[in-house]
Structure formats: C-alpha cells, structure tokens
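> I have a structure I would like to understand better, so I am pasting it below and will then ask my questions one at a time.
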Amino acid sequence: MAEIIDGNAVASSVHRELKEELAGISAARRPCVAFIRVGEDPASVSYVRKKERVAAEIGIESRLHVLPENTQQNELNALIDSLNADGGVDAILVQAPLPKQLSERDTFNRVRADKDVDGFSNANLGLLCQEDPRAFVACTPAGIVELIRRSGVNTSGRRAVVVGRSLIVGKPMALLLMKKGMDATVTVCHSKSEKLAEICAQADILIAAVGRPQTISADMVKEGACVIDVGINRVPSSSTKSGYKLVGDVDFENVAPKCSKITPVPGGVGPMTVAMLMKNTLAAYKRHMGI
Ligand code: GUN
C-alpha cells in the first residue's frame, strides 16, 4: 500500500516557516495581498475564503474585492490598475475561473509582474521558461514540487508524465519537472493523446491534472510510481450534508495499492496551492521592501 502524502501537514510546515520568517522582519508595514473575485461561484468563494484565513494566520494582510458577475473587462482592468499602482499592495490574485465575457489571458497579463503571485502573466511564464530565479511560479505546480521534494521522491533522470496542458497547472508543471535540479524526462499528455494508458504506465511520477473524475485507473499506473492527483471535482453524494463530495482525477481506491506514494483529494495538492501563494506573497513583499 502506498504512503499517502499529507498535503495538510506539509502546508502547515510551510505556513509555520513563513510565519517565523515574517516575525523576524521588522518593517514599516506588513505584507498585503489583494484578492479579486468576480461573481459568486461557490468553489471560488470557498477558495478565496481559505486563502484569506491562511494569510491572517501567517500575518499577511489581505483585501478582498468582489465584483458582480456581469463585470466588463474595462471595469476589471480599472481595479487591477489601481492595485498595481497601490504601494501598499504587494500581491494581486484574480481568482479563476472568470465569467465568460472576461478574458483570463488579458486579465492575468494586466497584473504587474512583480505583484503577479499566481505566475500566470507572460512575463513570469517567460522567466520560468528561462529558469530565472526571479520568476513567480504558478502556485499549484510549485506546491507539487514542494510535496515531491519534501516526500523524498527522486526525479532526476526519471520519467514524469503530466496529464493536462492548462496554463494554470500542466504547462508550468512540465517546465518545473524538466528544470535543472528536478531533471525529469517529461511527457505531456492531453485530451487528444493516443495510447494515454500506455504512456501513463511508463511514468515514475504521474501528475493528473485533467479535471475529470476517475480518469486515471489502476491499469494506467506503473507499480511503485508516485502519483500526484491535482483534480478537484465536485460529484453528487447522498452521504454529505452539502449534497456533493470532492474527488480527484485518480481512481484512488484501486490505484493506491499499486504505487509508492499518492496524494489524496482533498488534503493533497490543494493545501499546497495556498501555501505557495503565501510564499510568493512574502517574496513579493521582501522585494518591494528591499529586504
Ligand atoms: N483557480 C484555480 N486555481 C487557481 C490558482 O492557482 N490561482 C487563481 N488565481 N485561480 C485559480
């Protein structure tokens, strides 16, 4: 049976480290992150709330801006511009997904690179591509690297397969895994990939970022692989008060017995995304304060 990687425990360690680091800094002001949420998507409401709670716990100030569902691009841009210009704001996070009248690309690129703690802007993706240490790296893939490292998984020269090619996870994940120091041999699969099961079954490290429950079945996993499940899918459930439960992209019950390590959903990758957002916010603050 696999070792279950406890994302909550690793995230708590990161929070403690950041809190200690911040406590050791005496400066005129605390770090500050601004959250923008457009509309009332229930998942976005709960993610932003979680981020606010963790920021407070670490000692990071947060400001929440909620815009109506029918917000137009020029209105969202005006808010981003004012936060870009605000010397008291170190970090800006626009929660995705955005309503369909808004362009995520234009929105992410509107955020000033030195406040783009999501790492979604052209500038930060370019820096990541060049392995420049100044890059803000997207929080979910950065959190996965931290989980892999702290779990003692060796990636050097080993085969990593990333299933999913999104801007938020798949693409930056592939770049991070092939980076010097990680040194994995990386394959990226997506919805058009032929022989998906065969390719996945060659992975020493398998990253599932598809957004569809039960996509990775036991026959797609090599014996002894490390499996990272990025999926957060809401499926109907009669056994919960809310009427739904969260499941990943991996058929956990049947895959877990085959692998060496696996992340659960919830409590795997999710908490690490928040921890990396805090880490990036502290880094932005230090840069702004010249620390
Ligand atoms: N939606 C899902 N994941 C993320 C993330 O890491 N950042 C933002 N801004 N939105 C998200």
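Labeling convention for the structure tokens: chains A, B, ... as they appear, residues from 1 per chain, ligands from 1 in order of appearance.
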Could the residues of region 89-127 of chain A that have an atom at most 9 Å from region 135-154 of chain A be listed as a tab-separated table, each with its closest atom pair and the distance in Å to one decimal, counting only C-alpha atoms and ordered by chain and ascending residue number?

```
residue	atom	partner	partner_atom	distance
A:Ala113	CA	A:Phe136	CA	8.3
A:Asp114	CA	A:Phe136	CA	8.1
A:Lys115	CA	A:Phe136	CA	8.9
A:Asp116	CA	A:Phe136	CA	7.0
A:Val117	CA	A:Phe136	CA	5.8
A:Asp118	CA	A:Ala138	CA	4.9
A:Gly119	CA	A:Ala138	CA	4.6
A:Phe120	CA	A:Ala138	CA	6.4
A:Ala123	CA	A:Ala135	CA	8.2
A:Asn124	CA	A:Ala135	CA	5.1
A:Leu125	CA	A:Ala135	CA	7.4
A:Gly126	CA	A:Ala135	CA	8.1
A:Leu127	CA	A:Ala135	CA	5.1
```
> Counting only C-alpha atoms and all ligand atoms, what are the residues, protein, DNA or RNA alike, that approach ligand 1 to within 8 Å? I want them as a ChimeraX atom specification.
/A:44,93-97,118,138-140,168,273-274,277
> So that I can check the secondary structure, give me every residue of region 180-232 of chain A assigned alpha helix (DSSP H) by backbone DSSP, as a ChimeraX atom specification.
/A:196-200
> Dump C-alpha atoms for the selected residues as a PDB file, in the first residue's frame?

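And here's selection_28.pdb as it stands now:
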```
ATOM      1  CA  LEU A 196      -2.749   7.539 -22.989  1.00  0.00           C
ATOM      2  CA  ALA A 197      -2.866   4.450 -20.757  1.00  0.00           C
ATOM      3  CA  GLU A 198       0.393   3.094 -22.209  1.00  0.00           C
ATOM      4  CA  ILE A 199       2.219   6.389 -21.735  1.00  0.00           C
ATOM      5  CA  CYS A 200       0.959   6.859 -18.189  1.00  0.00           C
TER       6      CYS A 200
END
```
> Check the smallest atom-to-atom distance from each of A:Ala283, A:Leu83, A:Val265, A:Ala203 to Arg63 (chain A) using only C-alpha atoms, then report the winner.
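Distance minimum relative to Arg63 (chain A) lands on A:Leu83.
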> Could you give me, as a PyMOL selection string, the residues within 8 Å of Ile205 (chain A), counting only C-alpha atoms and dropping anything in the same chain fewer than 6 positions from it?
chain A and resi 155+158-161+225-228
> Near Asn77 (chain A), within 8 Å and counting only C-alpha atoms, which residues show up once chain neighbours fewer than 3 positions away are dropped, as a list in words?
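Everything that qualifies: Gln73, Asn74, Ile80, Asp81, Thr107 and Arg110 of chain A.
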